[in-house]
Amino acid sequence: MKDGATRDGYGAALVQLGKSHANLVVLDSGVSDSTRTKQFGEEFPGRFFNMGISEGDMVCTAAGLARTGKVAFATSFACFLLGRTMDQVLVSIAYSNSNVKLAGTHTGLAVGEDGPSAQMIVDLAYTRAMPNMTVIQPADWEEAVQATKALANYFGPAYIRLGRQKLNGIYDSSYNFQIGKASIVREGSDVVIFATGSLVQESLLAADLMQSKSISTTVVNISTLKPLDESLIIRESKKHMAVITAEDHNIIGGLGDAICQVLTNNQIALPFKSIAVGDRFAETGSGPELYEKYGLSSTHIIEAIKNVFSKKAI
Amino acid sequence: MENTVLTEKKLLELQIVARDLRRKILNVIFHAGSGHPGGSLSATDILTALYFGGILRYNPKNPNDPKRDRFILSKGHASALMYCVLAKAGYFSEDKLLDYRKIGSELFLSGHPHPKTPGVEIASGSLGQGLSVAHGIALGARIDKLNYNVYVVLGDGEIQEGQIWEAAMSAAKFNSNNLIAIIDNNKVAQDNLTEDLKNIEPLIDKWEAFGWDTYRINGHNMEEIMNTLLTPMDSVKPRLIIADTIKGKGVSFMEGNKSWHGVAPSEDDLNKALTELE
């Protein structure tokens with residue numbers, strides 16, 4: 001298992017894909033060293049387009065390239081990649097069903113010191129709300145590599161949500177990522193946590209610490225946020241007494257809402273708690289400090305586990 | 001395109017085609033009960049030259065031929081013009097035009113274009129995106145070592161969108177000399193005269209400064225349009241053609257009148273207009 005940031009897995013996968021996929025092109029908007037597309041650009045200069053600081057132009061140029069049979073990865077910091085381009089993504093990519101993969105790095109409060117303008121916490125809401133759009137957030141380096149490769153072989157618009165911070169490895173090369181499939185990373189019996197991205201790690205930490213308190217916790221990695229793995233979510237929810245969701249994203253429009261919808265549409269009534277940013281802008285500070293202060297750290301997940309467990313039906 | 005000989009007979013034929021298209025545009029908008037006549041009539045001569053003057057290489061029997069020239073209507077509200085042109089070019093039969101803006105339209109003849117319609121490359125309708133998309137296609141041609149051109153028609157009001165200027169810089173950066181942008185400069189936007197809304201001039205100075213090979217023509221003079229389109233491309237620069245046009249061209253009571261931006265003619269207005277276009 002390899003430790004590393006998901007952006008690093010993305011960049012490494014692009015270089016491998018450049019060799020196997022002659023129709024793969026990569027675009028960036030002037031931040032290629034930070035988004036890790038730089039190496040692809042050095043190895044495949046004819047298929048790398050640094051469009052400068054103009055994200056709207058970049059995503060539409062990617063759509064144009066896609067119309068010529070390319071699989072186009074358009075990359076930037078998520079706050080700009082999506083924040084500046086919702087209209088362009090909606091019309092030229094989603095509605096046109098263009099084969100563009102939007103790769104947004106530096107997501108969530110984990111970005112830290114650059115402050116709330118750089119901490120993208122509404123991107124899952126944006127992208128989930130768009131018809132035709134597939135939405136993926138890998139939980140570690142290995143999954144980022146595999147998800148990037150899976151997207152290169154998948155036709156259709158997609159968003160891959162990546163992070164800057166280094167994450168502990170969860171998966172080794174025996175893992176088999178599939179679009180639309182969730183994976184159980186820890187088996188328990190009392191409480192189930194559906195987590196995504198960096199919050200999978202926080203959830204694993206919380207689950208381990210709760211073991212000594214005799215609450216047995218399952219952790220499911222929801223790496224495809226759309227389409228959701230509904231059958232697994234229903235099955236695991238029914239096997240447990242309470243449900244928690246965990247994400248580094250605003251509480252509106254992200255994983256929590258998505259899971260709620262599955263549960264309510266299937267008449268599954270269980271104690272429930274969403275771990276997410278509480279519909280407010282955070283502040284500057286380190287990622288771990290912000291996770292602690294704004295309710296995303298393992299400490300908060302532990303509290304949530306105790307809370308929902310205490311409300312379980314007897 | 002290289003072999004096109006511009007005879008007087010050819011010019012006359014194109015003018016007849018344009019007049020016929022204008023009649024069809026008004027008919028389909030009348031039938032739909034809504035649409036955008038003004039900006040469709042202003043760009044009619046430009047699209048006539050592209051599609052019927054031997055400029056665009058296309059094959060309606062194989063709409064996705066990789067070697068085809070591409071056309072993008074970035075000012076997507078002129079969809080009535082686009083669909084009438086595609087029908088006339090043979091992409092689908094003209095009776096399908098009666099589905100324009102109607103629910104269940106088999107060919108998806110929506111108020112703004114979408115690639116479900118044969119001959120449409122990408123969705124438009126949100127102004128400012130088409131030049132970037134066209135440039136992306138132009139870059140794709142380079143990767144594939146194909147020599148097709150990409151043509152895009154922009155509205156004059158549309159270039160108030162900042163993304164147009166992002167794309168202008170990009171196409172110059174990448175020396176995309178297979179990209180031809182044509183501004184349908186009808187000088188009238190929905191609310192106002194474009195110059196009162198927000199002045200876009202001096203156009204030539206701006207596009208020259210952005211690194212484009214620029215031309216300014218009368219967008220209703222078929223000979224000027226054809227000669228400009230037939231002029232060989234610069235060795236590196238993308239091309240920008242400012243086509244000075246008249247909104248609602250061909251119908252006296254629509255010409256230059258902003259109130260005909262986005263309304264369908266009544267039956268009386270239609271009949272008057274068709275009489276003028278005989």
# chains A, B, ... in the order shown; residues from 1 in each chain; ligands from 1

call {"tool": "interface_residues", "arguments": {"of": "chain B", "to": "chain A", "cutoff": "8 Å", "atoms": "only C-alpha atoms", "output": "ChimeraX atom specification"}}
result
/B:66,114-115,121-126,129-130,132-141,143,163,166-167,170

call {"tool": "residues_around", "arguments": {"residues": "Met133 (chain A)", "least_positions_apart": "5", "cutoff": "12 Å", "atoms": "only C-alpha atoms", "output": "PyMOL selection string"}}
result
chain A and resi 89-91+93-102+124-128+151+154-160+224-227

call {"tool": "atom_distance", "arguments": {"atom1": "CA of Ile121 (chain A)", "atom2": "CA of Val308 (chain A)"}}
result
25.0 Å

call {"tool": "closest_residue", "arguments": {"among": "B:Gly219, B:Arg70, B:Asp184, B:Gly104", "to": "Tyr148 (chain B)", "atoms": "only C-alpha atoms"}}
result
B:Arg70

call {"tool": "closest_residue", "arguments": {"among": "B:Gly54, B:Gly250, B:Pro60, B:Gly38", "to": "Ala78 (chain B)", "atoms": "only C-alpha atoms"}}
result
B:Gly38

call {"tool": "atom_distance", "arguments": {"atom1": "CA of Ser34 (chain B)", "atom2": "CA of Gly76 (chain B)"}}
result
14.4 Å

call {"tool": "residues_around", "arguments": {"residues": "Gln178 (chain A)", "least_positions_apart": "2", "cutoff": "9 Å", "atoms": "only C-alpha atoms", "output": "JSON, numbers by chain"}}
result
{"A": [146, 147, 150, 176, 180, 181, 182, 224]}

call {"tool": "write_last_selection", "arguments": {"atoms": "C-alpha atoms", "output": "PDB file, in the first residue's frame"}}
result
ATOM      1  CA  GLN A 146      -7.144   3.100 -10.829  1.00  0.00           C
ATOM      2  CA  ALA A 147     -10.021   5.596 -11.026  1.00  0.00           C
ATOM      3  CA  ALA A 150     -11.109   3.610 -15.419  1.00  0.00           C
ATOM      4  CA  ASN A 176     -10.055  -3.521  -8.445  1.00  0.00           C
ATOM      5  CA  GLY A 180     -20.275   2.783  -9.580  1.00  0.00           C
ATOM      6  CA  LYS A 181     -19.017   0.245  -7.017  1.00  0.00           C
ATOM      7  CA  ALA A 182     -18.482   1.060  -3.363  1.00  0.00           C
ATOM      8  CA  THR A 224     -18.310   6.835  -6.882  1.00  0.00           C
TER       9      THR A 224
END

call {"tool": "closest_residue", "arguments": {"among": "A:Gly9, A:Gly112, A:Gly18, A:Gly163", "to": "Phe77 (chain A)", "atoms": "only C-alpha atoms"}}
result
A:Gly163

call {"tool": "residues_around", "arguments": {"residues": "Asn177 (chain B)", "least_positions_apart": "4", "cutoff": "6 Å", "atoms": "only C-alpha atoms", "output": "PyMOL selection string"}}
result
chain B and resi 236-238

call {"tool": "residues_around", "arguments": {"residues": "Asp244 (chain B)", "least_positions_apart": "5", "cutoff": "12 Å", "atoms": "only C-alpha atoms", "output": "ChimeraX atom specification"}}
result
/B:42-43,45-46,155-156,182-188,203,215-221,224-225,249

call {"tool": "residues_around", "arguments": {"residues": "Gln15 (chain B)", "least_positions_apart": "5", "cutoff": "9 Å", "atoms": "only C-alpha atoms", "output": "ChimeraX atom specification"}}
result
/B:10,20,45,48,222

call {"tool": "atom_distance", "arguments": {"atom1": "CA of Gly287 (chain A)", "atom2": "CA of Met130 (chain A)"}}
result
29.0 Å

call {"tool": "closest_residue", "arguments": {"among": "B:Ala89, B:Val17, B:Gly35, B:Leu240", "to": "Asp205 (chain B)", "atoms": "only C-alpha atoms"}}
result
B:Leu240

call {"tool": "select_by_dssp", "arguments": {"residues": "region 28-245 of chain B", "states": "helix (DSSP H, G or I)", "output": "PyMOL selection string"}}
result
chain B and resi 28-32+37-42+44-52+76-89+94-99+130-143+157-160+162-173+194-198+203-209+222-230

call {"tool": "write_last_selection", "arguments": {"atoms": "C-alpha atoms", "output": "PDB file, in the first residue's frame"}}
result
ATOM      1  CA  VAL B  28     -40.600  27.646 -39.365  1.00  0.00           C
ATOM      2  CA  ILE B  29     -40.540  30.344 -36.681  1.00  0.00           C
ATOM      3  CA  PHE B  30     -44.157  31.216 -37.480  1.00  0.00           C
ATOM      4  CA  HIS B  31     -45.114  27.554 -37.298  1.00  0.00           C
ATOM      5  CA  ALA B  32     -43.241  27.089 -34.007  1.00  0.00           C
ATOM      6  CA  PRO B  37     -35.910  35.838 -36.623  1.00  0.00           C
ATOM      7  CA  GLY B  38     -33.633  38.916 -36.470  1.00  0.00           C
ATOM      8  CA  GLY B  39     -30.336  37.164 -35.826  1.00  0.00           C
ATOM      9  CA  SER B  40     -31.238  34.293 -38.162  1.00  0.00           C
ATOM     10  CA  LEU B  41     -31.865  36.610 -41.101  1.00  0.00           C
ATOM     11  CA  SER B  42     -28.657  38.589 -40.460  1.00  0.00           C
ATOM     12  CA  THR B  44     -28.255  33.841 -43.621  1.00  0.00           C
ATOM     13  CA  ASP B  45     -25.853  35.007 -46.335  1.00  0.00           C
ATOM     14  CA  ILE B  46     -22.839  33.875 -44.299  1.00  0.00           C
ATOM     15  CA  LEU B  47     -24.188  30.333 -43.821  1.00  0.00           C
ATOM     16  CA  THR B  48     -25.332  30.223 -47.447  1.00  0.00           C
ATOM     17  CA  ALA B  49     -21.774  30.894 -48.604  1.00  0.00           C
ATOM     18  CA  LEU B  50     -20.324  28.321 -46.192  1.00  0.00           C
ATOM     19  CA  TYR B  51     -22.714  25.478 -46.957  1.00  0.00           C
ATOM     20  CA  PHE B  52     -23.707  26.103 -50.560  1.00  0.00           C
ATOM     21  CA  GLY B  76     -27.238  29.287 -30.900  1.00  0.00           C
ATOM     22  CA  HIS B  77     -30.438  31.323 -30.857  1.00  0.00           C
ATOM     23  CA  ALA B  78     -30.204  31.468 -34.671  1.00  0.00           C
ATOM     24  CA  SER B  79     -31.200  27.795 -34.627  1.00  0.00           C
ATOM     25  CA  ALA B  80     -33.978  28.282 -37.201  1.00  0.00           C
ATOM     26  CA  LEU B  81     -31.305  29.298 -39.693  1.00  0.00           C
ATOM     27  CA  MET B  82     -29.111  26.340 -38.724  1.00  0.00           C
ATOM     28  CA  TYR B  83     -31.891  23.776 -39.174  1.00  0.00           C
ATOM     29  CA  CYS B  84     -33.124  25.267 -42.476  1.00  0.00           C
ATOM     30  CA  VAL B  85     -29.543  25.139 -43.780  1.00  0.00           C
ATOM     31  CA  LEU B  86     -29.032  21.539 -42.615  1.00  0.00           C
ATOM     32  CA  ALA B  87     -32.302  20.450 -44.227  1.00  0.00           C
ATOM     33  CA  LYS B  88     -31.392  22.143 -47.476  1.00  0.00           C
ATOM     34  CA  ALA B  89     -27.929  20.583 -47.327  1.00  0.00           C
ATOM     35  CA  GLU B  94     -37.468  19.644 -44.932  1.00  0.00           C
ATOM     36  CA  ASP B  95     -40.787  18.400 -43.547  1.00  0.00           C
ATOM     37  CA  LYS B  96     -38.960  17.680 -40.278  1.00  0.00           C
ATOM     38  CA  LEU B  97     -38.603  21.451 -39.841  1.00  0.00           C
ATOM     39  CA  LEU B  98     -42.229  21.460 -38.722  1.00  0.00           C
ATOM     40  CA  ASP B  99     -40.970  19.809 -35.507  1.00  0.00           C
ATOM     41  CA  GLY B 130     -18.411  28.281 -29.222  1.00  0.00           C
ATOM     42  CA  LEU B 131     -15.060  29.834 -30.046  1.00  0.00           C
ATOM     43  CA  SER B 132     -13.308  27.752 -27.380  1.00  0.00           C
ATOM     44  CA  VAL B 133     -15.067  24.592 -28.552  1.00  0.00           C
ATOM     45  CA  ALA B 134     -14.178  25.341 -32.177  1.00  0.00           C
ATOM     46  CA  HIS B 135     -10.582  25.861 -31.142  1.00  0.00           C
ATOM     47  CA  GLY B 136     -10.552  22.536 -29.307  1.00  0.00           C
ATOM     48  CA  ILE B 137     -11.715  20.844 -32.508  1.00  0.00           C
ATOM     49  CA  ALA B 138      -9.001  22.716 -34.425  1.00  0.00           C
ATOM     50  CA  LEU B 139      -6.398  21.345 -32.001  1.00  0.00           C
ATOM     51  CA  GLY B 140      -7.854  17.872 -32.491  1.00  0.00           C
ATOM     52  CA  ALA B 141      -7.265  18.197 -36.233  1.00  0.00           C
ATOM     53  CA  ARG B 142      -3.610  18.936 -35.553  1.00  0.00           C
ATOM     54  CA  ILE B 143      -3.207  15.854 -33.357  1.00  0.00           C
ATOM     55  CA  GLY B 157     -23.281  40.944 -28.650  1.00  0.00           C
ATOM     56  CA  GLU B 158     -21.730  37.585 -27.817  1.00  0.00           C
ATOM     57  CA  ILE B 159     -18.213  38.964 -27.868  1.00  0.00           C
ATOM     58  CA  GLN B 160     -19.060  40.941 -24.759  1.00  0.00           C
ATOM     59  CA  GLY B 162     -15.050  37.437 -21.526  1.00  0.00           C
ATOM     60  CA  GLN B 163     -14.485  33.851 -22.616  1.00  0.00           C
ATOM     61  CA  ILE B 164     -14.364  34.969 -26.259  1.00  0.00           C
ATOM     62  CA  TRP B 165     -11.182  36.862 -25.473  1.00  0.00           C
ATOM     63  CA  GLU B 166      -9.724  33.938 -23.536  1.00  0.00           C
ATOM     64  CA  ALA B 167     -10.258  31.810 -26.625  1.00  0.00           C
ATOM     65  CA  ALA B 168      -8.847  34.542 -28.863  1.00  0.00           C
ATOM     66  CA  MET B 169      -5.604  34.444 -26.884  1.00  0.00           C
ATOM     67  CA  SER B 170      -5.527  30.633 -26.915  1.00  0.00           C
ATOM     68  CA  ALA B 171      -5.943  30.283 -30.690  1.00  0.00           C
ATOM     69  CA  ALA B 172      -3.145  32.792 -31.268  1.00  0.00           C
ATOM     70  CA  LYS B 173      -0.904  31.022 -28.746  1.00  0.00           C
ATOM     71  CA  THR B 194     -24.841  46.603 -29.086  1.00  0.00           C
ATOM     72  CA  GLU B 195     -22.804  49.814 -28.933  1.00  0.00           C
ATOM     73  CA  ASP B 196     -25.136  51.220 -26.275  1.00  0.00           C
ATOM     74  CA  LEU B 197     -25.260  47.972 -24.343  1.00  0.00           C
ATOM     75  CA  LYS B 198     -21.439  47.862 -24.185  1.00  0.00           C
ATOM     76  CA  LEU B 203     -13.041  45.327 -33.588  1.00  0.00           C
ATOM     77  CA  ILE B 204     -10.203  45.204 -36.097  1.00  0.00           C
ATOM     78  CA  ASP B 205      -7.742  46.792 -33.666  1.00  0.00           C
ATOM     79  CA  LYS B 206      -8.766  44.418 -30.903  1.00  0.00           C
ATOM     80  CA  TRP B 207      -8.534  41.203 -32.915  1.00  0.00           C
ATOM     81  CA  GLU B 208      -5.286  42.313 -34.592  1.00  0.00           C
ATOM     82  CA  ALA B 209      -3.860  42.999 -31.135  1.00  0.00           C
ATOM     83  CA  MET B 222     -22.106  37.355 -51.502  1.00  0.00           C
ATOM     84  CA  GLU B 223     -19.067  38.147 -53.614  1.00  0.00           C
ATOM     85  CA  GLU B 224     -17.227  39.705 -50.663  1.00  0.00           C
ATOM     86  CA  ILE B 225     -18.166  36.831 -48.357  1.00  0.00           C
ATOM     87  CA  MET B 226     -17.046  34.212 -50.872  1.00  0.00           C
ATOM     88  CA  ASN B 227     -13.806  35.961 -51.788  1.00  0.00           C
ATOM     89  CA  THR B 228     -12.851  36.323 -48.130  1.00  0.00           C
ATOM     90  CA  LEU B 229     -13.624  32.673 -47.388  1.00  0.00           C
ATOM     91  CA  LEU B 230     -11.660  31.608 -50.471  1.00  0.00           C
TER      92      LEU B 230
END

call {"tool": "select_by_dssp", "arguments": {"residues": "region 7-238 of chain B", "states": "strand (DSSP E or B)", "output": "NGL selection string"}}
result
:B and (70-73 or 150-155 or 179-185 or 188 or 193 or 213-218)

call {"tool": "closest_residue", "arguments": {"among": "A:Ile170, A:Val191, A:Val277, A:Val15", "to": "Trp141 (chain A)", "atoms": "only C-alpha atoms"}}
result
A:Ile170

call {"tool": "closest_residue", "arguments": {"among": "A:Met241, A:Ile252, A:Val26, A:Val219", "to": "Ala129 (chain A)", "atoms": "only C-alpha atoms"}}
result
A:Ile252

call {"tool": "decode", "arguments": {"residues": "region 46-140 of chain B", "atoms": "C-alpha atoms", "output": "CSV table (one decimal), in the first residue's frame"}}
result
chain,number,residue,atom,x,y,z
B,46,ILE,CA,-22.8,33.9,-44.3
B,47,LEU,CA,-24.2,30.3,-43.8
B,48,THR,CA,-25.3,30.2,-47.4
B,49,ALA,CA,-21.8,30.9,-48.6
B,50,LEU,CA,-20.3,28.3,-46.2
B,51,TYR,CA,-22.7,25.5,-47.0
B,52,PHE,CA,-23.7,26.1,-50.6
B,53,GLY,CA,-20.8,28.1,-51.9
B,54,GLY,CA,-18.4,25.1,-51.8
B,55,ILE,CA,-16.5,26.3,-48.7
B,56,LEU,CA,-17.4,23.7,-46.2
B,57,ARG,CA,-16.5,20.1,-47.0
B,58,TYR,CA,-19.3,17.9,-45.6
B,59,ASN,CA,-21.2,14.8,-46.4
B,60,PRO,CA,-24.8,14.6,-45.1
B,61,LYS,CA,-24.8,10.8,-45.7
B,62,ASN,CA,-21.8,10.5,-43.3
B,63,PRO,CA,-22.3,13.4,-40.9
B,64,ASN,CA,-19.4,12.2,-38.7
B,65,ASP,CA,-16.8,11.8,-41.4
B,66,PRO,CA,-13.5,12.6,-39.5
B,67,LYS,CA,-12.2,14.6,-42.4
B,68,ARG,CA,-15.2,17.0,-42.7
B,69,ASP,CA,-14.9,20.7,-42.1
B,70,ARG,CA,-16.7,21.7,-38.9
B,71,PHE,CA,-19.2,24.4,-38.4
B,72,ILE,CA,-20.4,25.7,-35.0
B,73,LEU,CA,-23.2,28.2,-34.5
B,74,SER,CA,-22.0,29.8,-31.3
B,75,LYS,CA,-24.9,32.3,-31.4
B,76,GLY,CA,-27.2,29.3,-30.9
B,77,HIS,CA,-30.4,31.3,-30.9
B,78,ALA,CA,-30.2,31.5,-34.7
B,79,SER,CA,-31.2,27.8,-34.6
B,80,ALA,CA,-34.0,28.3,-37.2
B,81,LEU,CA,-31.3,29.3,-39.7
B,82,MET,CA,-29.1,26.3,-38.7
B,83,TYR,CA,-31.9,23.8,-39.2
B,84,CYS,CA,-33.1,25.3,-42.5
B,85,VAL,CA,-29.5,25.1,-43.8
B,86,LEU,CA,-29.0,21.5,-42.6
B,87,ALA,CA,-32.3,20.5,-44.2
B,88,LYS,CA,-31.4,22.1,-47.5
B,89,ALA,CA,-27.9,20.6,-47.3
B,90,GLY,CA,-29.5,17.1,-47.1
B,91,TYR,CA,-29.0,16.2,-43.5
B,92,PHE,CA,-32.7,15.6,-43.1
B,93,SER,CA,-35.9,16.2,-45.0
B,94,GLU,CA,-37.5,19.6,-44.9
B,95,ASP,CA,-40.8,18.4,-43.5
B,96,LYS,CA,-39.0,17.7,-40.3
B,97,LEU,CA,-38.6,21.5,-39.8
B,98,LEU,CA,-42.2,21.5,-38.7
B,99,ASP,CA,-41.0,19.8,-35.5
B,100,TYR,CA,-38.9,22.9,-34.7
B,101,ARG,CA,-39.4,23.7,-31.0
B,102,LYS,CA,-42.1,21.0,-30.7
B,103,ILE,CA,-42.1,18.4,-27.9
B,104,GLY,CA,-41.0,15.0,-29.0
B,105,SER,CA,-39.1,16.4,-32.0
B,106,GLU,CA,-37.5,13.3,-33.5
B,107,LEU,CA,-34.4,15.1,-34.6
B,108,PHE,CA,-34.2,17.2,-31.4
B,109,LEU,CA,-34.9,20.5,-33.2
B,110,SER,CA,-34.7,22.4,-30.0
B,111,GLY,CA,-34.7,26.1,-29.6
B,112,HIS,CA,-31.0,26.0,-29.4
B,113,PRO,CA,-28.8,23.4,-31.3
B,114,HIS,CA,-27.7,20.1,-29.8
B,115,PRO,CA,-25.6,17.3,-31.4
B,116,LYS,CA,-28.5,14.9,-31.4
B,117,THR,CA,-29.5,16.7,-34.6
B,118,PRO,CA,-27.4,15.4,-37.5
B,119,GLY,CA,-24.9,18.1,-38.6
B,120,VAL,CA,-24.7,19.8,-35.2
B,121,GLU,CA,-21.3,19.5,-33.6
B,122,ILE,CA,-22.0,20.7,-30.0
B,123,ALA,CA,-24.8,22.3,-27.9
B,124,SER,CA,-24.9,26.0,-27.9
B,125,GLY,CA,-27.3,28.5,-26.4
B,126,SER,CA,-25.1,30.0,-23.7
B,127,LEU,CA,-23.1,32.7,-25.4
B,128,GLY,CA,-19.4,32.8,-25.4
B,129,GLN,CA,-18.5,29.1,-25.5
B,130,GLY,CA,-18.4,28.3,-29.2
B,131,LEU,CA,-15.1,29.8,-30.0
B,132,SER,CA,-13.3,27.8,-27.4
B,133,VAL,CA,-15.1,24.6,-28.6
B,134,ALA,CA,-14.2,25.3,-32.2
B,135,HIS,CA,-10.6,25.9,-31.1
B,136,GLY,CA,-10.6,22.5,-29.3
B,137,ILE,CA,-11.7,20.8,-32.5
B,138,ALA,CA,-9.0,22.7,-34.4
B,139,LEU,CA,-6.4,21.3,-32.0
B,140,GLY,CA,-7.9,17.9,-32.5
